[in-house]
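Student: Handing you a structure now.
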Amino acid sequence: MKERDFERLVGGMEIDAEPNPAHKERLRQQMLATFETVGRSVGPALAPTPQKASLTAFPLMAKVAVAAAIVVAAIFGVQAMIRRGWGPPTLNQVRQATERMAWMHAVVTEHRDGTVRTEQHWNDFSSRKAYILASDRSVIVSEFGSGRRELLYSPQIRAVVISELPSKGLFGADSAYTLADAFAVFAAQNDVTVAQWSDRYEGQKVLMYELDRSDPGVTVVGRRVGQLRIRLMADPETRRLVGAHIEQRSSSGVMLSRQEWAMSYPQSGPMSIYDLGVPESARVIHHTSQTIGTPSQDPRPIPTPEDLGRSRLMPLEIALPKPQFVGTPKDMQTPNLERPRGGPRPPFLVPVGTTNLALGKPVSSSDPEPLIGTLEMITDGDKEATDGSVVELGPGVQHVTIDLQERCEIYAIVVWHYHLRPHVYLGMVVQVSNDPSFAGRVRTVFNNDVDNTTGQGKGSDLYYTETNEGKLIDTRGVQARYVRLYSNGHAAGDVNHYIEVEVYGRAVP
Amino acid sequence: MAKPVDQTPYDDLVVQARTQSAALAELYELYYERIYRFCVHRLYSTAAAEDITSGVFLTVAAAIRQFKGGTEQDFRAWIFTIAANQANAYIRKTSRRKRLMENVVAMRRAAQPQDGPWSAMDWPTLYTAILQLKPEHQTILTLRFFEKMDFDEIGRVMDIKPATIRVTLHRILRRLRDVLRDDLGCEERDEGA
C-alpha cells in the first residue's frame with residue numbers, strides 16, 4: 001500500500017467528527033477561567049520585567065562571582081596580549097605558532113623542467129618527522145635527530161631504501177625540518193634581511209615574510225641557483241603559516257624552479273610509510289652514511305608560469321559518516337570482488353577550489369516514487385546509514401540522475417549505497433553527459449556490470465563492498481552537466497539503495 | 001539548513017495570547033475543531049475525543065504564559081504535541097484500549113459485511129487495524145492522512161527528523177497492510193506495493 005492509496009482510502013471514508021457546540025462553549029469558558037486563574041496566581045512575575053529589577057533580584061554571591069570572572073578574564077587577556085606582543089608577529093613567533101600544532105600538511109606544487117609536479121608533505125612536530133608523498137607515488141620519510149634518517153620508497157624498484165644523511169634541511173639549512181625552520185635558519189646563516197609586510201593572498205589577509213638572496217650556494221638538478229626568493233605567508237590571527245612561494249632562478253634570471261605551498265593543520269597524519277601506500281611486500285635496503293644520488297641531467301630553463309591557480313592541487317576532504325561495522329568484511333562469495341583495502345583511503349588530490357557540486361541539486365530516477373525515502377535525500381548531504389537517510393528504489397535495474405545545473409569539470413564522484421552492512425551492489429554503471437536523456441554523447445566513468453544486465457555495455461571495474469567511506473570514482477576532470485548511476489540490486493537482494501552521491505568538481509571556466 | 005518559517009496572519013495572536021484572554025479565545029476558535037477532529041481520529045469515540053480536547057485546551061490555558069514560540073507554526077506544533085501525548089496516554093491504558101476495541105468491533109458487526117476491496121472498507125475496520133499499531137505510529141498516520149500535515153510539520157510535532165518520519169510512515173503502511181490482510185481478511189488490491 002502506497003501513500004496515495006491510503007490517502008484515497010481515507011478521503012473516501014465517512015467519519016463523524018462534527019464537534020458538539022455545547023462542549024465547545026463549555027470548554028471555552030473553562031479555558032478562559034483557567035487562563036485568568038493561572039495569571040492571577042503567577043502574577044506579575046511572568047510579565048516582562050525591566051532589566052534593573054532582575055539585576056536587583058540577583059543574589060549577592062552571584063554578583064561577586066560575575067565580577068570575579070570579569071577580573072580574571074581581563075588578567076588573562078592582558079597576559080595573552082603581552083605574550084603575543086602588540087605589533088605584527090615576528091618570524092620567530094610565526095615559527096613557534098606553527099610548530100605548536102600537532103601536524104602540518106602542505107600541498108606543494110612545483111614547476112620545473114616544463115612540468116608540474118605535486119607533492120604532499122606532512123610534518124609531525126612532536127616526533128620531528130617529515131613525510132613526503134610525491135605524485136609518482138614515491139614516498140620519503142625523514143626522521144630528524146642528531147642526523148637525518150631517511151626512508152625512501154620508489155615504486156619503480158618496489159623497495160624502501162634507508163639511509164643516514166647529514167642533518168641538512170631545505171637550502172642546506174642545518175637541522176631544519178620545516179619550511180619555516182629552513183627559512184629562519186637560512187636567513188640567520190646567510191645574514192639576509194627579511195622583509196615583512198601585510199598583504200592579501202587569494203582573498204585572505206596575510207603577513208608576508210620575504211628573503212631574497214643572490215648566489216645562495218644551492219643547486220637545482222645540478223644547476224647553480226643565481227637568485228633565491230622565498231616568501232612565507234602567515235595568518236595574522238593564528239600566526240601560523242598558510243602558504244609559501246619559492247622561486248629559484250639562474251644567474252641570467254631564467255626561472256629554474258617555482259614552488260607553491262599551501263598549508264593546513266590536521267589533527268593527525270601518517271604514522272609510517274605504509275600509511276602512504278607503500279606495499280608491505282616492498283623490499284627494505286639499508287645504507288649508512290650514504291647520500292641518495294641525484295640524476296645528473298642538465299636543467300632546461302622554463303618561463304615563469306602565468307596562471308597557477310587552476311593547476312594547484314589539494315587533498316579532497318570528504319566528511320565520512322559513522323562506520324556501521326568493524327573489521328574487514330568477509331568474502332561475500334561474489335566473483336570479481338575488490339580486495340578490502342584494510343585501511344583508510346589514501347589522499348586523493350583535486351585542484352584547489354573543488355567542491356561537492358551535487359549538494360542540494362535535483363535528482364530524477366527511473367523509479368520516481370522510491371519505496372523508502374525521497375530522491376532529494378540522495379543529495380541532501382546526510383550520509384549516515386540510518387533509517388531517515390536511505391532511499392530504496394524498486395527491484396531490478398534502476399538509475400538515478402543528478403542535474404548539476406551547469407557544465408562542470410568533474411574530478412571525483414563518491415557514492416554511498418546502504419553501508420549499514422557490507423553489501424555488494426551489482427551492475428553499477430556511472431555515466432556523465434551533457435544530454436539529460438543520455439541519448440547523446442555519454443562518458444562511462446565506472447562500470448562493474450560484468451554481464452551487461454543494465455544494457456550499458458560490459459564493464460571491467462571490480463565489485464566492491466560498501467563501507468562508510470563510500471566508493472570514490474576518479475573521473476579525471478571530465479566535463480558534463482548530468483551524472484547518472486545505474487545499479488541492479490545487491491548480492492543479497494534485488495532492491496537498490498542510495499544514501500548519498502557527491503560529485504566533486506568546479507564550474508567550467 | 002533549516003526551512004524558513006511560514007509567516008501567517010495569526011503570528012501576532014500567538015504572542016498576544018500569552019497575556020490577553022481575547023487573543024487566546026481567538027486561537028481557541030481557530031484550533032478547537034482541528035484538535036477535536038484529531039482526537040476523534042485517534043480515539044474513535046466522540047466522548048473520549050471531547051475529554052482529551054478539554055485536557056488539551058486546559059493545558060494550553062495553564063501553560064501559554066511560558067510558551068516560547070512566536071509564530072502560529074510554533075503554536076500549531078505545540079498544541080498538536082500536547083494532543084498527541086494526551087491521546088497516546090489515553091490509549092496506552094489497556095482497559096481503555098480494550099473498551100475502544102470492543103466498541104469498534106460492535107460497530108463493525110452492525111455495519112455491512114466487508115468482502116474485500118479497499119474502496120469498500122469502512123472506518124471501524126480501518127480503525128481496528130490502526131489501533132494495533134504503536135501509539136506514536138497512530139499519531140503519525142493521523143497527522144499525515146487526516147490532518148494533511150507535511151513531513152516537516154509532523155517532524156516538529158513529534159520532534160523527529162522529517163526524513164525519519166517519511167521512512168517510518170512507509171513502514172507503518174506496510175504493517176497496516178499486513179494487519180488488514182492477516183487479521184481482518186481484507187484482500188490487498190494494490191499489486192505494486
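By order in the C-alpha cells, chains are A, B, ...; within a chain, residues start at 1; ligands start at 1, following the order shown.
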Select, as a list of chain:residue names, those residues of chain B with any atom no more than 7 Å from chain A (distances computed using only C-alpha atoms).
Tutor: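 Close enough to count are B:Ser21, B:Glu33, B:Tyr36, B:Arg37, B:Val40, B:Ser54, B:Phe57, B:Leu58, B:Ala61, B:Ala62, B:Trp118, B:Ser119, B:Asp122, B:Trp123, B:Phe145, B:Ala163, B:Thr164, B:Arg166, B:Val167, B:His170, B:Leu173, B:Arg174, B:Arg177, B:Asp190, B:Ala193.
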Student: Can I get the selected residues back with N, CA and C atoms, as a PDB file, in the first residue's frame?
Tutor:
```
ATOM      1  N   SER B  21      -6.586  37.360  27.235  1.00  0.00           N
ATOM      2  CA  SER B  21      -7.547  36.258  27.100  1.00  0.00           C
ATOM      3  C   SER B  21      -8.312  36.339  25.776  1.00  0.00           C
ATOM      4  N   GLU B  33     -11.783  22.912  16.495  1.00  0.00           N
ATOM      5  CA  GLU B  33     -12.274  21.833  15.622  1.00  0.00           C
ATOM      6  C   GLU B  33     -11.166  20.906  15.170  1.00  0.00           C
ATOM      7  N   TYR B  36     -10.254  18.655  18.045  1.00  0.00           N
ATOM      8  CA  TYR B  36     -11.329  17.691  18.303  1.00  0.00           C
ATOM      9  C   TYR B  36     -11.323  16.591  17.228  1.00  0.00           C
ATOM     10  N   ARG B  37     -11.208  17.028  15.973  1.00  0.00           N
ATOM     11  CA  ARG B  37     -11.183  16.051  14.875  1.00  0.00           C
ATOM     12  C   ARG B  37     -10.003  15.089  15.021  1.00  0.00           C
ATOM     13  N   VAL B  40     -10.833  12.590  17.570  1.00  0.00           N
ATOM     14  CA  VAL B  40     -11.789  11.579  17.086  1.00  0.00           C
ATOM     15  C   VAL B  40     -11.044  10.537  16.244  1.00  0.00           C
ATOM     16  N   SER B  54     -10.693  18.704  25.849  1.00  0.00           N
ATOM     17  CA  SER B  54     -10.753  19.561  27.041  1.00  0.00           C
ATOM     18  C   SER B  54      -9.393  19.611  27.724  1.00  0.00           C
ATOM     19  N   PHE B  57      -6.903  21.905  25.784  1.00  0.00           N
ATOM     20  CA  PHE B  57      -7.065  23.361  25.877  1.00  0.00           C
ATOM     21  C   PHE B  57      -6.857  23.868  27.304  1.00  0.00           C
ATOM     22  N   LEU B  58      -7.158  23.045  28.275  1.00  0.00           N
ATOM     23  CA  LEU B  58      -6.893  23.486  29.647  1.00  0.00           C
ATOM     24  C   LEU B  58      -5.380  23.523  29.899  1.00  0.00           C
ATOM     25  N   ALA B  61      -4.182  26.685  28.279  1.00  0.00           N
ATOM     26  CA  ALA B  61      -4.517  27.870  29.078  1.00  0.00           C
ATOM     27  C   ALA B  61      -3.575  28.023  30.269  1.00  0.00           C
ATOM     28  N   ALA B  62      -3.200  26.886  30.845  1.00  0.00           N
ATOM     29  CA  ALA B  62      -2.341  26.945  32.028  1.00  0.00           C
ATOM     30  C   ALA B  62      -0.886  27.250  31.669  1.00  0.00           C
ATOM     31  N   TRP B 118     -10.403  -2.336  -1.081  1.00  0.00           N
ATOM     32  CA  TRP B 118     -10.065  -1.217  -0.211  1.00  0.00           C
ATOM     33  C   TRP B 118     -11.155  -0.156  -0.243  1.00  0.00           C
ATOM     34  N   SER B 119     -11.686   0.060  -1.410  1.00  0.00           N
ATOM     35  CA  SER B 119     -12.642   1.153  -1.565  1.00  0.00           C
ATOM     36  C   SER B 119     -13.896   0.918  -0.720  1.00  0.00           C
ATOM     37  N   ASP B 122     -14.698   0.291   5.637  1.00  0.00           N
ATOM     38  CA  ASP B 122     -15.301   1.365   6.422  1.00  0.00           C
ATOM     39  C   ASP B 122     -14.360   1.790   7.544  1.00  0.00           C
ATOM     40  N   TRP B 123     -14.764   2.851   8.198  1.00  0.00           N
ATOM     41  CA  TRP B 123     -13.913   3.450   9.227  1.00  0.00           C
ATOM     42  C   TRP B 123     -13.666   2.500  10.401  1.00  0.00           C
ATOM     43  N   PHE B 145      -2.544  11.770   7.282  1.00  0.00           N
ATOM     44  CA  PHE B 145      -3.657  11.492   6.374  1.00  0.00           C
ATOM     45  C   PHE B 145      -4.972  12.144   6.788  1.00  0.00           C
ATOM     46  N   ALA B 163      12.798  13.289   7.566  1.00  0.00           N
ATOM     47  CA  ALA B 163      13.170  12.130   6.747  1.00  0.00           C
ATOM     48  C   ALA B 163      12.862  10.825   7.480  1.00  0.00           C
ATOM     49  N   THR B 164      13.051  10.847   8.793  1.00  0.00           N
ATOM     50  CA  THR B 164      12.752   9.647   9.582  1.00  0.00           C
ATOM     51  C   THR B 164      11.250   9.385   9.563  1.00  0.00           C
ATOM     52  N   ARG B 166       9.238  10.107   7.227  1.00  0.00           N
ATOM     53  CA  ARG B 166       8.895   9.589   5.900  1.00  0.00           C
ATOM     54  C   ARG B 166       9.141   8.077   5.825  1.00  0.00           C
ATOM     55  N   VAL B 167      10.288   7.670   6.332  1.00  0.00           N
ATOM     56  CA  VAL B 167      10.628   6.246   6.296  1.00  0.00           C
ATOM     57  C   VAL B 167       9.713   5.456   7.225  1.00  0.00           C
ATOM     58  N   HIS B 170       6.380   4.853   5.735  1.00  0.00           N
ATOM     59  CA  HIS B 170       6.413   3.752   4.764  1.00  0.00           C
ATOM     60  C   HIS B 170       6.239   2.409   5.490  1.00  0.00           C
ATOM     61  N   LEU B 173       2.667   1.906   6.858  1.00  0.00           N
ATOM     62  CA  LEU B 173       1.700   1.489   5.832  1.00  0.00           C
ATOM     63  C   LEU B 173       1.876   0.012   5.489  1.00  0.00           C
ATOM     64  N   ARG B 174       3.135  -0.414   5.486  1.00  0.00           N
ATOM     65  CA  ARG B 174       3.393  -1.834   5.204  1.00  0.00           C
ATOM     66  C   ARG B 174       2.790  -2.709   6.302  1.00  0.00           C
ATOM     67  N   ARG B 177      -0.958  -2.751   6.094  1.00  0.00           N
ATOM     68  CA  ARG B 177      -1.395  -3.645   5.016  1.00  0.00           C
ATOM     69  C   ARG B 177      -1.407  -5.097   5.512  1.00  0.00           C
ATOM     70  N   ASP B 190      -3.730  -3.404  -4.233  1.00  0.00           N
ATOM     71  CA  ASP B 190      -2.590  -2.734  -4.853  1.00  0.00           C
ATOM     72  C   ASP B 190      -1.463  -3.729  -5.093  1.00  0.00           C
ATOM     73  N   ALA B 193       2.435  -2.640  -4.378  1.00  0.00           N
ATOM     74  CA  ALA B 193       3.024  -2.345  -3.079  1.00  0.00           C
ATOM     75  C   ALA B 193       3.827  -3.512  -2.575  1.00  0.00           C
TER      76      ALA B 193
END
```
Student: Could you name the residues that touch Val107 of chain A at 9 Å or less, counting only C-alpha atoms, but leaving out those on the same chain fewer than 4 positions away, as a compact mmCIF listing (two decimals) with N, CA and C atoms, in the first residue's frame?
Tutor:
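As a result, selection_26.txt now contains:
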```
# COMPACT_ATOMS: atom_id res chain seq x y z
N THR A 118 53.36 17.53 -8.14
CA THR A 118 52.70 17.85 -6.86
C THR A 118 53.15 16.88 -5.79
N GLU A 119 53.46 17.40 -4.66
CA GLU A 119 53.84 16.56 -3.52
C GLU A 119 52.97 16.94 -2.34
N GLN A 120 52.81 15.97 -1.47
CA GLN A 120 52.16 16.29 -0.19
C GLN A 120 53.19 16.09 0.92
N HIS A 121 53.25 17.04 1.82
CA HIS A 121 54.18 16.96 2.95
C HIS A 121 53.38 16.93 4.24
N TRP A 122 53.77 16.07 5.13
CA TRP A 122 53.21 16.09 6.48
C TRP A 122 54.38 16.28 7.45
N GLU A 260 54.87 26.33 -5.03
CA GLU A 260 53.81 26.97 -4.24
C GLU A 260 53.39 26.00 -3.16
N TRP A 261 53.37 26.48 -1.93
CA TRP A 261 53.00 25.64 -0.80
C TRP A 261 51.67 26.14 -0.23
N ALA A 262 50.80 25.20 0.09
CA ALA A 262 49.54 25.55 0.79
C ALA A 262 49.45 24.69 2.04
N MET A 263 49.43 25.34 3.19
CA MET A 263 49.49 24.59 4.45
C MET A 263 48.12 24.48 5.14
N SER A 264 47.95 23.38 5.84
CA SER A 264 46.80 23.22 6.73
C SER A 264 47.28 22.43 7.95
N ARG A 312 47.00 24.09 -9.15
CA ARG A 312 47.40 23.72 -7.80
C ARG A 312 46.42 22.69 -7.25
N LEU A 313 46.97 21.74 -6.54
CA LEU A 313 46.13 20.63 -6.06
C LEU A 313 46.01 20.67 -4.54
N MET A 314 44.99 20.03 -4.06
CA MET A 314 44.80 19.88 -2.61
C MET A 314 44.17 18.51 -2.37
N PRO A 315 44.37 17.95 -1.19
CA PRO A 315 43.71 16.67 -0.94
C PRO A 315 42.21 16.88 -0.78
```
Student: Write out as JSON, numbers by chain each polymer residue whose atoms come within 10 Å of segment 133-140 of chain B, counting only C-alpha atoms; drop sequence neighbours fewer than 2 positions from it.
Tutor: {"B": [38, 39, 41, 42, 43, 80, 81, 83, 84, 85, 87, 88, 89, 90, 91, 92, 127, 128, 129, 130, 131, 142, 143, 144, 145, 146, 147, 149, 151, 154, 155, 157, 158, 165, 166, 168, 169, 171, 172, 173, 175, 176, 179]}
Student: Once you have the residues from the selection above, write them out as a CSV table (one decimal), in the first residue's frame, restricted to N, CA and C atoms.
Tutor:
```
chain,number,residue,atom,x,y,z
B,38,PHE,N,-8.8,15.7,15.4
B,38,PHE,CA,-7.6,14.8,15.6
B,38,PHE,C,-7.9,13.8,16.6
B,39,CYS,N,-8.6,14.2,17.7
B,39,CYS,CA,-8.9,13.3,18.8
B,39,CYS,C,-9.9,12.2,18.4
B,41,HIS,N,-10.2,11.0,15.4
B,41,HIS,CA,-9.5,10.1,14.5
B,41,HIS,C,-8.5,9.2,15.3
B,42,ARG,N,-8.0,9.7,16.4
B,42,ARG,CA,-7.1,8.9,17.2
B,42,ARG,C,-7.8,8.0,18.2
B,43,LEU,N,-9.0,8.4,18.6
B,43,LEU,CA,-9.6,7.7,19.7
B,43,LEU,C,-11.0,7.1,19.3
B,80,PHE,N,-0.5,20.4,18.9
B,80,PHE,CA,-0.7,19.0,18.4
B,80,PHE,C,0.2,18.1,19.2
B,81,THR,N,1.3,18.6,19.7
B,81,THR,CA,2.2,17.7,20.6
B,81,THR,C,1.4,17.4,21.8
B,83,ALA,N,-1.8,17.4,22.2
B,83,ALA,CA,-2.9,16.5,21.9
B,83,ALA,C,-2.4,15.1,21.6
B,84,ALA,N,-1.3,14.9,20.9
B,84,ALA,CA,-0.8,13.6,20.6
B,84,ALA,C,-0.4,12.9,21.9
B,85,ASN,N,0.3,13.6,22.8
B,85,ASN,CA,0.7,13.0,24.0
B,85,ASN,C,-0.5,12.5,24.9
B,87,ALA,N,-3.5,11.9,23.8
B,87,ALA,CA,-4.2,10.8,23.2
B,87,ALA,C,-3.5,9.5,23.4
B,88,ASN,N,-2.1,9.5,23.3
B,88,ASN,CA,-1.3,8.3,23.5
B,88,ASN,C,-1.4,7.8,24.9
B,89,ALA,N,-1.4,8.8,25.8
B,89,ALA,CA,-1.5,8.4,27.2
B,89,ALA,C,-2.9,7.7,27.5
B,90,TYR,N,-3.9,8.2,26.8
B,90,TYR,CA,-5.2,7.6,27.0
B,90,TYR,C,-5.3,6.2,26.4
B,91,ILE,N,-4.7,6.1,25.2
B,91,ILE,CA,-4.8,4.8,24.5
B,91,ILE,C,-3.9,3.7,25.1
B,92,ARG,N,-2.9,4.2,25.9
B,92,ARG,CA,-1.9,3.2,26.5
B,92,ARG,C,-2.5,2.4,27.6
B,127,TYR,N,-10.0,1.5,11.6
B,127,TYR,CA,-9.6,1.9,12.9
B,127,TYR,C,-9.1,0.7,13.7
B,128,THR,N,-9.8,-0.4,13.6
B,128,THR,CA,-9.3,-1.6,14.3
B,128,THR,C,-7.9,-1.9,13.9
B,129,ALA,N,-7.6,-1.8,12.6
B,129,ALA,CA,-6.2,-2.1,12.2
B,129,ALA,C,-5.3,-1.0,12.8
B,130,ILE,N,-5.7,0.2,12.7
B,130,ILE,CA,-4.8,1.3,13.2
B,130,ILE,C,-4.5,1.1,14.7
B,131,LEU,N,-5.5,0.7,15.4
B,131,LEU,CA,-5.3,0.5,16.8
B,131,LEU,C,-4.3,-0.5,17.2
B,142,THR,N,-2.3,9.6,11.6
B,142,THR,CA,-3.4,10.6,11.8
B,142,THR,C,-3.0,12.0,11.3
B,143,LEU,N,-1.8,12.4,11.7
B,143,LEU,CA,-1.4,13.7,11.3
B,143,LEU,C,-1.2,13.8,9.8
B,144,ARG,N,-0.7,12.8,9.2
B,144,ARG,CA,-0.4,12.8,7.8
B,144,ARG,C,-1.7,12.7,7.0
B,145,PHE,N,-2.5,11.8,7.3
B,145,PHE,CA,-3.7,11.5,6.4
B,145,PHE,C,-5.0,12.1,6.8
B,146,PHE,N,-5.1,12.5,8.1
B,146,PHE,CA,-6.4,13.1,8.5
B,146,PHE,C,-6.2,14.6,8.7
B,147,GLU,N,-5.0,15.0,9.2
B,147,GLU,CA,-4.7,16.4,9.4
B,147,GLU,C,-4.0,17.0,8.2
B,149,MET,N,-0.9,17.0,7.3
B,149,MET,CA,0.3,17.8,7.6
B,149,MET,C,1.4,17.2,6.7
B,151,PHE,N,5.6,16.5,6.1
B,151,PHE,CA,6.6,15.8,6.9
B,151,PHE,C,7.3,16.8,7.9
B,154,ILE,N,4.9,17.4,10.8
B,154,ILE,CA,4.8,16.3,11.7
B,154,ILE,C,6.1,16.1,12.5
B,155,GLY,N,7.2,16.4,11.8
B,155,GLY,CA,8.5,16.4,12.5
B,155,GLY,C,8.6,17.3,13.7
B,157,VAL,N,6.0,18.4,15.4
B,157,VAL,CA,5.0,18.0,16.4
B,157,VAL,C,5.7,16.9,17.2
B,158,MET,N,6.4,15.9,16.5
B,158,MET,CA,6.8,14.7,17.2
B,158,MET,C,8.3,14.8,17.6
B,165,ILE,N,10.5,10.5,9.7
B,165,ILE,CA,9.0,10.3,9.6
B,165,ILE,C,8.6,9.6,8.3
B,166,ARG,N,9.2,10.1,7.2
B,166,ARG,CA,8.9,9.6,5.9
B,166,ARG,C,9.1,8.1,5.8
B,168,THR,N,9.5,6.0,8.4
B,168,THR,CA,8.6,5.3,9.4
B,168,THR,C,7.2,5.2,8.8
B,169,LEU,N,6.7,6.2,8.1
B,169,LEU,CA,5.4,6.1,7.5
B,169,LEU,C,5.3,5.0,6.5
B,171,ARG,N,6.9,2.3,6.6
B,171,ARG,CA,6.9,1.0,7.4
B,171,ARG,C,5.5,0.8,8.0
B,172,ILE,N,4.9,2.0,8.5
B,172,ILE,CA,3.6,1.9,9.1
B,172,ILE,C,2.6,1.4,8.1
B,173,LEU,N,2.7,1.9,6.9
B,173,LEU,CA,1.7,1.5,5.8
B,173,LEU,C,1.9,0.0,5.5
B,175,ARG,N,3.0,-2.2,7.5
B,175,ARG,CA,2.5,-3.0,8.7
B,175,ARG,C,0.9,-3.0,8.7
B,176,LEU,N,0.4,-1.9,8.3
B,176,LEU,CA,-1.1,-1.8,8.3
B,176,LEU,C,-1.7,-2.7,7.2
B,179,VAL,N,-1.6,-6.1,8.6
B,179,VAL,CA,-2.6,-6.3,9.7
B,179,VAL,C,-4.0,-6.5,9.0
```
Student: From the list B:Arg65, B:Lys93, B:Arg181, B:Thr53, which residue is nearest Tyr31 of chain B when using only C-alpha atoms?
Tutor: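 Residue with the minimum atom-to-atom distance to Tyr31 of chain B: B:Thr53.
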Student: When you look at Val278 of chain A with a cut-off of 8 Å (counting only C-alpha atoms), what residues show up, excluding the ones that are within fewer than 4 positions of it in the same chain? I need them as a PyMOL selection string.
Tutor: chain A and resi 139+153+273-274+282
Student: To one decimal place in Å, what is the distance between atom CA of Gly222 of chain A and atom CA of Phe144 of chain A?
Tutor: 25.0 Å
